[in-house]
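Worksheet: one structure, shown below.
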Amino acid sequence: MPVLLMEPDSYGKRRRYSEILMEPRRWLQPTLEDVKQRLKEIRNYSLDHLDELVSQLTASLAAYPEVEITFARDAGQAMETIRGIAGGGKIAINKSAVIGSELVPTLVASGYNVIESYYDQFEPFDNRPSEYWQLPVMTFESRFQSFERPVDLAALRSGSIQKNGTKDFIGLLGVNAISAQGTVLMLQHMPNISKVFEQAKELILVAGLDKIVKSLDDAIFQTKCMAIFGSEVLPLTLHGKAKRESSIDELPFEIPPEQTLASIHLILLDNGRSQILQSPYKELLACIDCRACNGACPAYLSDKPLTPSELPLKFRKDLLEIGTDLSESKGDINKPFMSVEAKKDEIWDCTTCGNCNEVCPVGVKHVDTIKALRGSMVMEKAVMPSTVSRTLKSIEDRGHPWRGTTLTRTDWAHGLDIKTLAEDSDTDILYWVGCTEALENKSVNIAKAMGKLFKLAGIKAGILGTEESCCGEPARHLGNEYLFQIQARKNIELMRSYNVKKIVTACPHCYNTIKNEYPDFGGEFEVINHTQFIANLLNEGKLRIHEGERRVVTYHDPCYLGRYNGIYELPRQILNSMSVIFVEMKLNRERGFCCGGGGGHMWLEENLGRRIGEMRFEQAIDTGAQILATACPFCRQMFDEAAQAKSVKKSLKVMDIAELLDGQ
Ligand code: SF4
Ligand code: SF4
């Protein structure tokens, strides 16, 4: 059986990868989207034709008598096979999810000495994950490099055995892809896998059923994609391995060639895959385990328990453990049914920033999964951190999440000549203030700046005042869908009663909710974010910028303005039209790093790991800017807190774009 090993080439030799990758369009340089598209096609084909591919593979492998193939329904059956081959003793593994997450816990519990062969090759990574962005980031071009020509590991193995014999350990390796014609593809970044092939006395390969693909080309493509998308996160995977276990390098060659079987065992592992394929959660199987999502995740990078790449597998496990009738969910992601006790911390770590979705090459929707899990905890089990229940209670009792505020909804408006719609409903726009800009001490400056801008531009804006109630976004993101819907319906009814048509808001969370989610409840309004509104006023000449001191300004993209609504350029246009020197942060636009305040985190405690807001603030400091501008009250507050943190050595001023404009 051919077993091919892929390894990203060294820098000098990297070229023409695109030709190999995108054949037959060999003269075209593929875009990242092209690659994602082709990968999705490959993954969808595999998931849609699983039975057919299994039959084809089984028939193909009959041509290779040296391969002993076993079908394992679950991890327990796989373990029986492993035990039958290995007895007890040492097992060297690679870092594939199918081995690490599905089999290793049982191996360890059964007393096996598990050696992670990866670490034989690597000095522990010194940098903290939080310093991840200081590493040289691979450019898009460098990701499209050629690979070494595939090495035939089966041939390598028999050659090595004839020369040296083998060592006393079993190799247990997860494969990246296997073609229906019977060629196995594996990826290594260091010679760990080839070493296991050369030295193990017995070899067991494990392929999740979903990893069977239509053709060798597809298998190669899928394997390369794992390297392309996972390359940036590789150092993080290695981080923290302070102490080595026993190493296969330390073992002597002691088993002579004649006592070594050159046979290869192949376990085709179902472990719930065929069941999940019948469920609405089929997309979870599209994951290729590249771990790009980890490298983008602020929770993971700030040393919190959440590891987004593990979510598809954990979610799958839940479905299996509780043996749920999958038809129960009827495709409704909002009707979750998984056990959640084991995930208490990690589920609450997520800021819903969407960066994982952004980088995932196959479009796994982590945020939907996390929200479904939160829903299950809050709505079905009433298990949640106390800060979550207090926030939800505050929305329920007071119509806002800012428990303990001494401000009223209209304090900020004193002297600004803005009336409530109850006083005068004949206005150009409704200014939707949002709870934070009305009730949080520093964020009121944004509302005040907006009030002044309306006046300067001659716009007649009205507010809802004490009638305005939380848009419901924190409730939905903290798992209380019921409360969200109450808030949404209440606000929609109120705005309809005033015949509101056009809404301007400076809060991207309210903006996203009213614009994109209220229509599901009949709330159809024209919703405009304040950056859009200000940019229009500037274009129309209704606002004028005065020359002033040229300060150095950088901009933080709020996730709910950028990734969720694609507004990246307007804030930059506004800043560039001001009297400032604009500098960009390294992680910007689609790859912008979260402030840590989304997903209800404005009101949750952040006790584990580093504070995400401080990490982002330090990235802003690194630009040398004097001012960190943003366009969201949550971001503004997270950075205000970061600016006061003892661990942050330098500081810079934090301002919303509206405040900055107000000062010009
Ligand atoms: S949404 Fe953001 S915080 Fe949540 S898992 Fe994805 S990257 Fe991590
Ligand atoms: S979820 Fe997406 S980004 Fe994360 S490991 Fe899987 S394929 Fe890669």
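Here's how to read the names in the structure tokens: chain A, B, ... by the order shown, residue numbers from 1 in each chain, ligand numbers from 1 in the order shown.
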Would you tabulate, counting only C-alpha atoms and all ligand atoms, all residues of chain A that have an atom at most 9 Å from an atom of ligand 2, showing the closest pair of atoms and their distance in Å to one decimal, sorted by chain then ascending number, as a tab-separated table?
residue	atom	partner	partner_atom_place_in_ligand_line	distance
A:Met226	CA	ligand 2	8 (Fe)	7.4
A:Phe229	CA	ligand 2	8 (Fe)	7.0
A:Gly230	CA	ligand 2	8 (Fe)	7.0
A:Leu284	CA	ligand 2	1 (S)	7.6
A:Leu285	CA	ligand 2	6 (Fe)	8.6
A:Ala286	CA	ligand 2	7 (S)	6.8
A:Cys287	CA	ligand 2	6 (Fe)	3.7
A:Ile288	CA	ligand 2	7 (S)	4.4
A:Asp289	CA	ligand 2	5 (S)	3.8
A:Cys290	CA	ligand 2	8 (Fe)	3.9
A:Arg291	CA	ligand 2	5 (S)	3.6
A:Ala292	CA	ligand 2	3 (S)	4.3
A:Cys293	CA	ligand 2	3 (S)	4.1
A:Asn294	CA	ligand 2	4 (Fe)	6.7
A:Gly295	CA	ligand 2	3 (S)	8.8
A:Ala296	CA	ligand 2	3 (S)	8.9
A:Pro308	CA	ligand 2	4 (Fe)	6.3
A:Ser309	CA	ligand 2	4 (Fe)	4.2
A:Glu310	CA	ligand 2	5 (S)	7.5
A:Leu311	CA	ligand 2	1 (S)	7.6
A:Pro312	CA	ligand 2	1 (S)	6.7
A:Cys356	CA	ligand 2	3 (S)	6.4
A:Asn357	CA	ligand 2	2 (Fe)	7.4
A:Glu358	CA	ligand 2	3 (S)	8.6
A:Val359	CA	ligand 2	3 (S)	6.0
A:Cys360	CA	ligand 2	3 (S)	3.6
A:Pro361	CA	ligand 2	2 (Fe)	5.7
A:Val362	CA	ligand 2	7 (S)	5.6
A:Gly363	CA	ligand 2	2 (Fe)	6.3
A:Val364	CA	ligand 2	1 (S)	5.2
A:Lys365	CA	ligand 2	1 (S)	7.7
A:His366	CA	ligand 2	1 (S)	7.2
Just write the chosen residues, C-alpha atoms, as a PDB file, in the first residue's frame.
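Result saved to result.pdb:
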ATOM      1  CA  MET A 226      -3.639  21.232   6.440  1.00  0.00           C
ATOM      2  CA  PHE A 229      -3.857  26.751   6.869  1.00  0.00           C
ATOM      3  CA  GLY A 230      -2.200  25.313   9.939  1.00  0.00           C
ATOM      4  CA  LEU A 284     -18.420  19.394  11.876  1.00  0.00           C
ATOM      5  CA  LEU A 285     -16.926  16.484   9.954  1.00  0.00           C
ATOM      6  CA  ALA A 286     -15.582  18.818   7.306  1.00  0.00           C
ATOM      7  CA  CYS A 287     -12.830  19.883   9.730  1.00  0.00           C
ATOM      8  CA  ILE A 288      -9.364  18.922   8.458  1.00  0.00           C
ATOM      9  CA  ASP A 289      -7.714  19.522  11.828  1.00  0.00           C
ATOM     10  CA  CYS A 290      -5.479  22.297  10.513  1.00  0.00           C
ATOM     11  CA  ARG A 291      -5.915  24.254  13.786  1.00  0.00           C
ATOM     12  CA  ALA A 292      -5.901  27.616  12.049  1.00  0.00           C
ATOM     13  CA  CYS A 293      -8.829  28.532  14.284  1.00  0.00           C
ATOM     14  CA  ASN A 294      -6.618  28.218  17.369  1.00  0.00           C
ATOM     15  CA  GLY A 295      -4.118  30.692  15.979  1.00  0.00           C
ATOM     16  CA  ALA A 296      -6.884  33.226  15.452  1.00  0.00           C
ATOM     17  CA  PRO A 308     -11.710  26.001  19.012  1.00  0.00           C
ATOM     18  CA  SER A 309     -10.174  23.230  16.884  1.00  0.00           C
ATOM     19  CA  GLU A 310     -11.418  20.746  19.476  1.00  0.00           C
ATOM     20  CA  LEU A 311     -14.997  21.952  19.364  1.00  0.00           C
ATOM     21  CA  PRO A 312     -16.119  19.893  16.364  1.00  0.00           C
ATOM     22  CA  CYS A 356     -12.141  31.347  13.903  1.00  0.00           C
ATOM     23  CA  ASN A 357     -14.929  31.351  11.315  1.00  0.00           C
ATOM     24  CA  GLU A 358     -12.931  33.828   9.276  1.00  0.00           C
ATOM     25  CA  VAL A 359      -9.860  31.624   9.012  1.00  0.00           C
ATOM     26  CA  CYS A 360     -11.465  28.182   8.888  1.00  0.00           C
ATOM     27  CA  PRO A 361     -10.900  26.863   5.350  1.00  0.00           C
ATOM     28  CA  VAL A 362     -14.009  24.684   5.397  1.00  0.00           C
ATOM     29  CA  GLY A 363     -16.347  27.106   7.132  1.00  0.00           C
ATOM     30  CA  VAL A 364     -16.926  25.315  10.449  1.00  0.00           C
ATOM     31  CA  LYS A 365     -19.257  27.583  12.431  1.00  0.00           C
ATOM     32  CA  HIS A 366     -17.720  27.559  15.883  1.00  0.00           C
TER      33      HIS A 366
END
Write out, as a tab-separated table, each residue of stretch 456-535 of chain A that has an atom at most 6 Å from stretch 584-602 of chain A, together with the closest pair of atoms and their distance in Å to one decimal, counting only C-alpha atoms, rows going by chain and rising number.
residue	atom	partner	partner_atom	distance
A:Pro474	CA	A:Gly600	CA	5.0
A:His477	CA	A:Gly599	CA	5.2
A:Leu478	CA	A:Gly600	CA	5.9
Just to be explicit: take each residue in the selection above, keep C-alpha atoms, and write the result as a compact mmCIF listing (two decimals), in the first residue's frame.
# COMPACT_ATOMS: atom_id res chain seq x y z
CA PRO A 474 -26.08 40.22 25.44
CA HIS A 477 -25.03 35.68 23.27
CA LEU A 478 -25.18 34.57 26.87
request  = Enumerate the residues of stretch 486-583 of chain A with a DSSP assignment of helix (DSSP H, G or I), computed from the backbone, and present them as number ranges by chain.
outcome  = A: 486-497, 508-521, 530-539, 569-577
message = as a list in words, please: the residues near A:Asp51 (cut-off 10 Å, only C-alpha atoms, same-chain neighbours under 6 positions excluded).
response = Leu57, Leu209 and Ser274 of chain A
key: Residue list (strand (DSSP E or B), DSSP) for stretch 440-645 of chain A, as a ChimeraX atom specification   = /A:461-463,502-505,526-529,551-555,580-583,627-630
Generate a file of the selected residues that holds N, CA and C atoms, formatted as a PDB file, in the first residue's frame.
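Saved file result_3.pdb follows:
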ATOM      1  N   ALA A 461     -32.340  64.770  15.348  1.00  0.00           N
ATOM      2  CA  ALA A 461     -32.347  63.395  15.872  1.00  0.00           C
ATOM      3  C   ALA A 461     -33.231  63.313  17.108  1.00  0.00           C
ATOM      4  N   GLY A 462     -33.943  62.220  17.234  1.00  0.00           N
ATOM      5  CA  GLY A 462     -34.722  61.978  18.451  1.00  0.00           C
ATOM      6  C   GLY A 462     -34.207  60.730  19.139  1.00  0.00           C
ATOM      7  N   ILE A 463     -34.521  60.597  20.405  1.00  0.00           N
ATOM      8  CA  ILE A 463     -34.106  59.387  21.136  1.00  0.00           C
ATOM      9  C   ILE A 463     -35.329  58.762  21.806  1.00  0.00           C
ATOM     10  N   LYS A 502     -35.701  55.259  10.154  1.00  0.00           N
ATOM     11  CA  LYS A 502     -34.241  55.314   9.993  1.00  0.00           C
ATOM     12  C   LYS A 502     -33.581  55.415  11.370  1.00  0.00           C
ATOM     13  N   ILE A 503     -32.643  54.518  11.636  1.00  0.00           N
ATOM     14  CA  ILE A 503     -31.983  54.483  12.950  1.00  0.00           C
ATOM     15  C   ILE A 503     -30.482  54.686  12.760  1.00  0.00           C
ATOM     16  N   VAL A 504     -29.903  55.550  13.572  1.00  0.00           N
ATOM     17  CA  VAL A 504     -28.438  55.688  13.606  1.00  0.00           C
ATOM     18  C   VAL A 504     -27.974  55.222  14.980  1.00  0.00           C
ATOM     19  N   THR A 505     -26.946  54.396  15.002  1.00  0.00           N
ATOM     20  CA  THR A 505     -26.412  53.963  16.296  1.00  0.00           C
ATOM     21  C   THR A 505     -24.890  53.935  16.246  1.00  0.00           C
ATOM     22  N   GLU A 526     -34.269  50.980   8.486  1.00  0.00           N
ATOM     23  CA  GLU A 526     -32.985  51.310   7.869  1.00  0.00           C
ATOM     24  C   GLU A 526     -32.018  51.615   9.016  1.00  0.00           C
ATOM     25  N   VAL A 527     -31.014  50.780   9.161  1.00  0.00           N
ATOM     26  CA  VAL A 527     -30.111  50.943  10.315  1.00  0.00           C
ATOM     27  C   VAL A 527     -28.734  51.373   9.810  1.00  0.00           C
ATOM     28  N   ILE A 528     -28.230  52.448  10.388  1.00  0.00           N
ATOM     29  CA  ILE A 528     -26.965  53.018   9.925  1.00  0.00           C
ATOM     30  C   ILE A 528     -25.998  53.108  11.097  1.00  0.00           C
ATOM     31  N   ASN A 529     -24.811  52.604  10.866  1.00  0.00           N
ATOM     32  CA  ASN A 529     -23.790  52.720  11.908  1.00  0.00           C
ATOM     33  C   ASN A 529     -23.211  54.135  11.885  1.00  0.00           C
ATOM     34  N   ARG A 551      -1.789  64.337  15.275  1.00  0.00           N
ATOM     35  CA  ARG A 551      -1.435  63.275  16.216  1.00  0.00           C
ATOM     36  C   ARG A 551      -1.401  61.922  15.496  1.00  0.00           C
ATOM     37  N   VAL A 552      -0.601  60.994  16.043  1.00  0.00           N
ATOM     38  CA  VAL A 552      -0.483  59.667  15.421  1.00  0.00           C
ATOM     39  C   VAL A 552      -1.601  58.779  15.978  1.00  0.00           C
ATOM     40  N   VAL A 553      -2.416  58.259  15.061  1.00  0.00           N
ATOM     41  CA  VAL A 553      -3.605  57.510  15.482  1.00  0.00           C
ATOM     42  C   VAL A 553      -3.591  56.122  14.839  1.00  0.00           C
ATOM     43  N   THR A 554      -3.952  55.124  15.635  1.00  0.00           N
ATOM     44  CA  THR A 554      -4.184  53.804  15.061  1.00  0.00           C
ATOM     45  C   THR A 554      -5.654  53.438  15.272  1.00  0.00           C
ATOM     46  N   TYR A 555      -6.118  52.417  14.558  1.00  0.00           N
ATOM     47  CA  TYR A 555      -7.540  52.079  14.631  1.00  0.00           C
ATOM     48  C   TYR A 555      -7.727  50.599  14.930  1.00  0.00           C
ATOM     49  N   VAL A 580      -4.688  63.836  11.173  1.00  0.00           N
ATOM     50  CA  VAL A 580      -3.946  62.840  11.951  1.00  0.00           C
ATOM     51  C   VAL A 580      -2.954  62.113  11.047  1.00  0.00           C
ATOM     52  N   ILE A 581      -1.982  61.478  11.680  1.00  0.00           N
ATOM     53  CA  ILE A 581      -1.104  60.557  10.936  1.00  0.00           C
ATOM     54  C   ILE A 581      -1.600  59.162  11.297  1.00  0.00           C
ATOM     55  N   PHE A 582      -2.090  58.449  10.294  1.00  0.00           N
ATOM     56  CA  PHE A 582      -2.725  57.168  10.585  1.00  0.00           C
ATOM     57  C   PHE A 582      -1.722  56.016  10.452  1.00  0.00           C
ATOM     58  N   VAL A 583      -1.660  55.174  11.478  1.00  0.00           N
ATOM     59  CA  VAL A 583      -0.796  53.984  11.389  1.00  0.00           C
ATOM     60  C   VAL A 583      -1.656  52.745  11.636  1.00  0.00           C
ATOM     61  N   ILE A 627      -2.871  57.841  19.935  1.00  0.00           N
ATOM     62  CA  ILE A 627      -4.300  57.623  20.193  1.00  0.00           C
ATOM     63  C   ILE A 627      -4.724  56.290  19.585  1.00  0.00           C
ATOM     64  N   LEU A 628      -5.487  55.541  20.366  1.00  0.00           N
ATOM     65  CA  LEU A 628      -6.111  54.324  19.834  1.00  0.00           C
ATOM     66  C   LEU A 628      -7.576  54.671  19.572  1.00  0.00           C
ATOM     67  N   ALA A 629      -7.919  54.729  18.289  1.00  0.00           N
ATOM     68  CA  ALA A 629      -9.308  55.047  17.934  1.00  0.00           C
ATOM     69  C   ALA A 629     -10.072  53.753  17.705  1.00  0.00           C
ATOM     70  N   THR A 630     -11.348  53.776  18.055  1.00  0.00           N
ATOM     71  CA  THR A 630     -12.187  52.641  17.744  1.00  0.00           C
ATOM     72  C   THR A 630     -13.591  53.163  17.440  1.00  0.00           C
TER      73      THR A 630
END
Selected residue of minimal separation from ligand 1 among A:Thr58, A:Gln37, A:Ser117, A:Thr307, counting only C-alpha atoms and all ligand atoms = A:Thr307
task = Extract, using only C-alpha atoms, all DNA, RNA and protein residues at most 12 Å from A:Lys393, discarding same-chain residues fewer than 6 positions from it, and format them as a PyMOL selection string.
result = chain A and resi 386-387+399-403+474-475+478+480+483+603
ask   = Please, what distance in Å, to one decimal, runs between atom CA of A:Lys448 and atom CA of A:Gln637?
value = 15.7 Å
Counting only C-alpha atoms and all ligand atoms, the residue of A:Glu66, A:Glu605, A:Glu283, A:Asp349 that sits nearest ligand 1 = A:Asp349
Give me the stretch 213-279 of chain A side of the contact with stretch 95-108 of chain A, cut-off 12 Å, one line per residue showing its nearest atom pair and distance in Å at one decimal, counting only C-alpha atoms, sorted by chain and residue number, as CSV.
residue,atom,partner,partner_atom,distance
A:Met226,CA,A:Ser96,CA,10.9
A:Leu234,CA,A:Lys95,CA,11.0
A:Thr237,CA,A:Lys95,CA,9.1
A:Leu238,CA,A:Lys95,CA,10.1
A:Ile267,CA,A:Val98,CA,11.1
A:Leu268,CA,A:Val98,CA,10.8
A:Leu269,CA,A:Val98,CA,8.7
A:Asp270,CA,A:Val98,CA,10.5
A:Asn271,CA,A:Glu102,CA,8.4
A:Gly272,CA,A:Glu102,CA,11.0
A:Arg273,CA,A:Val98,CA,11.7
Could you write out the selected residues, including C-alpha atoms, as a tab-separated table (two decimals), in the first residue's frame?
chain	number	residue	atom	x	y	z
A	226	MET	CA	-3.64	21.23	6.44
A	234	LEU	CA	2.32	25.32	14.53
A	237	THR	CA	0.88	23.67	19.19
A	238	LEU	CA	4.38	23.07	20.43
A	267	ILE	CA	-7.99	1.02	11.40
A	268	LEU	CA	-10.91	2.75	9.72
A	269	LEU	CA	-12.58	4.50	12.59
A	270	ASP	CA	-16.22	5.47	12.57
A	271	ASN	CA	-16.65	6.63	16.17
A	272	GLY	CA	-19.95	8.33	15.46
A	273	ARG	CA	-19.08	9.80	12.10
